[in-house]
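Please read the structure below before turning to the comments.
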Amino acid sequence: MGLEHMVLSTPSLDESLRFYRDLLGFRVSDFTEVRFPGGELRLAFLHCNPRHHSIAFMEAKGAPKRINHFMLECNSLLDVGIGRDLCTQRGVPIGIELGCHMNDRMVSFYLANPSGFAVEYGWGGRVIDESVWQAERYDSLESIWGHPELKAMVASMAAAAGSGDERRHLPPSSAAAKHRPPCRRVPSNESKEARERHAATPATRRSRQS
Ligand SMILES: [Fe+2]
């Protein structure tokens, strides 16, 4: 399916919103604010079509403006699995292992590219119905399942947001993560089809297909 979204670091989330939301007309999918003892991370996810977000901004005061990652969406989960195997076979470093994001429900993993930022590779992202969508709010970037390195990466980014240390924006090689429930999701944003798709267990999915 091709390019899905980009996530960019910005020294001012408010300035980025003024340009992309207020001037260009992107609409807010969700705001995420994660607080840590050493800092705070603020993000905004914006959409301009049914994709959950085409661009997102992560405020990192004092840090250089840079790409955090871009995302490529596959046609099927099968393609994601084959891509993950190819990374192993060809020695491509993995920044964040397979998982499913809370806000956009993308099943993905992150590989490192030679430019020093990540490429997210996945499938199954959430589709927005603009006629009923209400902006959501989250206080965590932890995933529904998987993405075990994400929690440590977010803590590192939050600390770096205050220090201006660009190196700390890179994902660590490994870390443990613990699941935490989401905050302030809007039930009306869930289409019936999406609720069924994400609530279904592998067993029920198989029975529906047969
Ligand atoms: Fe992403």
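Identifiers in the structure tokens: chain A, B, ... in order shown; residue index from 1 per chain; ligand index from 1 in order shown.
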For chain A against ligand 1, with a cut-off of 9 Å and counting only C-alpha atoms and all ligand atoms, what is the closest atom pair and its distance in Å to one decimal for every residue that makes the cut, ordered by chain and number, as CSV?
residue,atom,partner,partner_atom_place_in_ligand_line,distance
A:Glu4,CA,ligand 1,1 (Fe),8.3
A:His5,CA,ligand 1,1 (Fe),6.5
A:Met6,CA,ligand 1,1 (Fe),6.7
A:Val7,CA,ligand 1,1 (Fe),6.4
A:His53,CA,ligand 1,1 (Fe),8.7
A:Ile55,CA,ligand 1,1 (Fe),8.9
A:Ala56,CA,ligand 1,1 (Fe),8.3
A:Asn68,CA,ligand 1,1 (Fe),8.8
A:His69,CA,ligand 1,1 (Fe),6.6
A:Phe70,CA,ligand 1,1 (Fe),6.4
A:Met71,CA,ligand 1,1 (Fe),5.5
A:Leu72,CA,ligand 1,1 (Fe),8.9
A:His101,CA,ligand 1,1 (Fe),8.5
A:Asp104,CA,ligand 1,1 (Fe),8.6
A:Met106,CA,ligand 1,1 (Fe),8.1
A:Ser108,CA,ligand 1,1 (Fe),8.5
A:Tyr110,CA,ligand 1,1 (Fe),8.7
A:Val119,CA,ligand 1,1 (Fe),8.3
A:Glu120,CA,ligand 1,1 (Fe),5.9
A:Tyr121,CA,ligand 1,1 (Fe),8.6
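Rounded to one decimal, atom CA of Met58 of chain A and atom CA of Pro11 of chain A lie 8.4 Å from each other.
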Exercise. When DSSP works through the backbone of this structure, what residues of segment 30-167 of chain A end up as strand (DSSP E), shown as a PyMOL selection string?
Worked result: chain A and resi 30-36+39-47+55-59+67-73+94-100+107-112+118-123+136-138+145-146
For this session: Figure out the distance between atom CA of Asn49 of chain A and atom CA of Ser12 of chain A, please, to one decimal in Å.
Result: 24.3 Å
Exercise. As a list in words, which residues of segment 76-164 of chain A does DSSP assign to alpha helix (DSSP H)?
Worked result: Leu77, Leu78, Asp79, Val80, Gly81, Ile82, Gly83, Arg84, Asp85, Leu86, Cys87, Thr88, Gln89, Arg90, Leu150, Lys151, Ala152, Met153, Val154, Ala155, Ser156, Met157, Ala158, Ala159, Ala160, Ala161, Gly162 and Ser163 of chain A
